[in-house]
Structure formats: structure tokens, C-alpha cells
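**Q** Right, I'll just put the structure down here and ask away after.
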Amino acid sequence: MQQRLRKWRARIGFWPTRNYIKVVGEEPKIQLNYKLANVLDVGVFVLAEIAKKPSYLRGFITVALKVDKKANVGLVSDIKQELRKVNALKINYTTYEGEVLSN
């Protein structure tokens, strides 16, 4: 029996548009499945999503981070620390296409 896995995503370090700056501020944000979150919410979110999966798939979970190119490394590092605390050690980074030497 093959089950279709529901994808969940984390989007790191995006800046809000002008319309939302008054509501959410100007700092880079973390988005977890279409909801804004802070760094401390990442571990709880990952554990909740892993718990939804069947037990035989839990060891194969990979966390995918889509990091904005303007995001600072400190925010990404803080998120990686939270992932280590919940033993989510497999991480995939989504990047932009482009020339390696021109960046």
C-alpha cells in the first residue's frame, strides 16, 4: 500500500510587502505551511508534522528549507539549532538557478 505524502514547507527570511509591514513589521519572517512563526515554533511544528506520518516513514523525513537570498545566516543557523533539538537532521535547501561564479 503506497500512501501519498503530504508536503509541508518552511520558507525562511522573506521580507513582507509594503501592505503588511504595518501588521507584521519589517524583520525577516519564517513561514511554516502558510503561517508566520518565530524560531521557537520550528521544532514544535516539525514534531507535529512528523507525528502525522505513518511510523514506517518517520525515519525518512527530510526538512526542506526555502531560504531567501537576502536572509541572514544567523536566522538560518538558529533554525538549524532548533531542528537539531528535535533530531531533524536531514535538511534540503532550495536555491535559485544561476551561475555559480557570478553570485
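Here, A, B, ... name the chains of the C-alpha cells in the order displayed, residue numbers run from 1 inside each chain, and ligands are numbered from 1 in the same displayed order.
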So that I can check the surroundings of Asn87 (chain A), please list as a list of chain:residue names every protein, DNA and RNA residue that reaches within 12 Å of it, counting only C-alpha atoms and ignoring chain neighbours fewer than 2 positions away.

**A**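 Contacts, with the query itself left out: A:Gly43, A:Val44, A:Val46, A:Leu47, A:Ile50, A:Arg58, A:Gly59, A:Ile61, A:Thr62, A:Val63, A:Lys80, A:Gln81, A:Glu82, A:Leu83, A:Arg84, A:Lys85, A:Leu89, A:Lys90, A:Ile91.
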
**Q** From the list A:Val73, A:Ile79, A:Ala64, A:Val86, which residue is nearest Asn33 (chain A) when using only C-alpha atoms?

**A**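 Looking only at the distances to Asn33 (chain A), the closest residue turns out to be A:Ala64.
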
**Q** Tell me which protein, DNA and RNA residues are within 9 Å of Thr95 (chain A), counting only C-alpha atoms, leaving out same-chain ones fewer than 2 positions away, and put them as a short mmCIF file (atom, residue, chain, number, x, y, z; two decimals) with C-alpha atoms, in the first residue's frame.

**A**
```cif
data_model
loop_
_atom_site.label_atom_id
_atom_site.label_comp_id
_atom_site.auth_asym_id
_atom_site.auth_seq_id
_atom_site.Cartn_x
_atom_site.Cartn_y
_atom_site.Cartn_z
CA LYS A 66 13.43 27.62 1.09
CA VAL A 67 15.75 30.42 2.14
CA ASP A 68 15.53 33.89 0.63
CA LYS A 69 18.81 35.03 -0.88
CA TYR A 93 17.93 23.71 0.83
CA GLU A 97 19.10 28.85 -10.59
#
```

**Q** When DSSP works through the backbone of this structure, what residues of region 46-75 of chain A end up as helix (DSSP H, G or I), shown as a PyMOL selection string?

**A** chain A and resi 46-52+55-60+73-75

**Q** I need the residue nearest Ile30 (chain A) from this list: A:Lys70, A:Lys52, A:Val76, A:Phe60. Use only C-alpha atoms for the distance.

**A**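 With only C-alpha atoms as the atom set, the closest residue is A:Val76.
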
**Q** Between A:Leu32, A:Asn72, A:Tyr96, A:Gly25, which residue has the minimum interatomic distance to Glu49 (chain A), considering only C-alpha atoms?

**A** A:Leu32
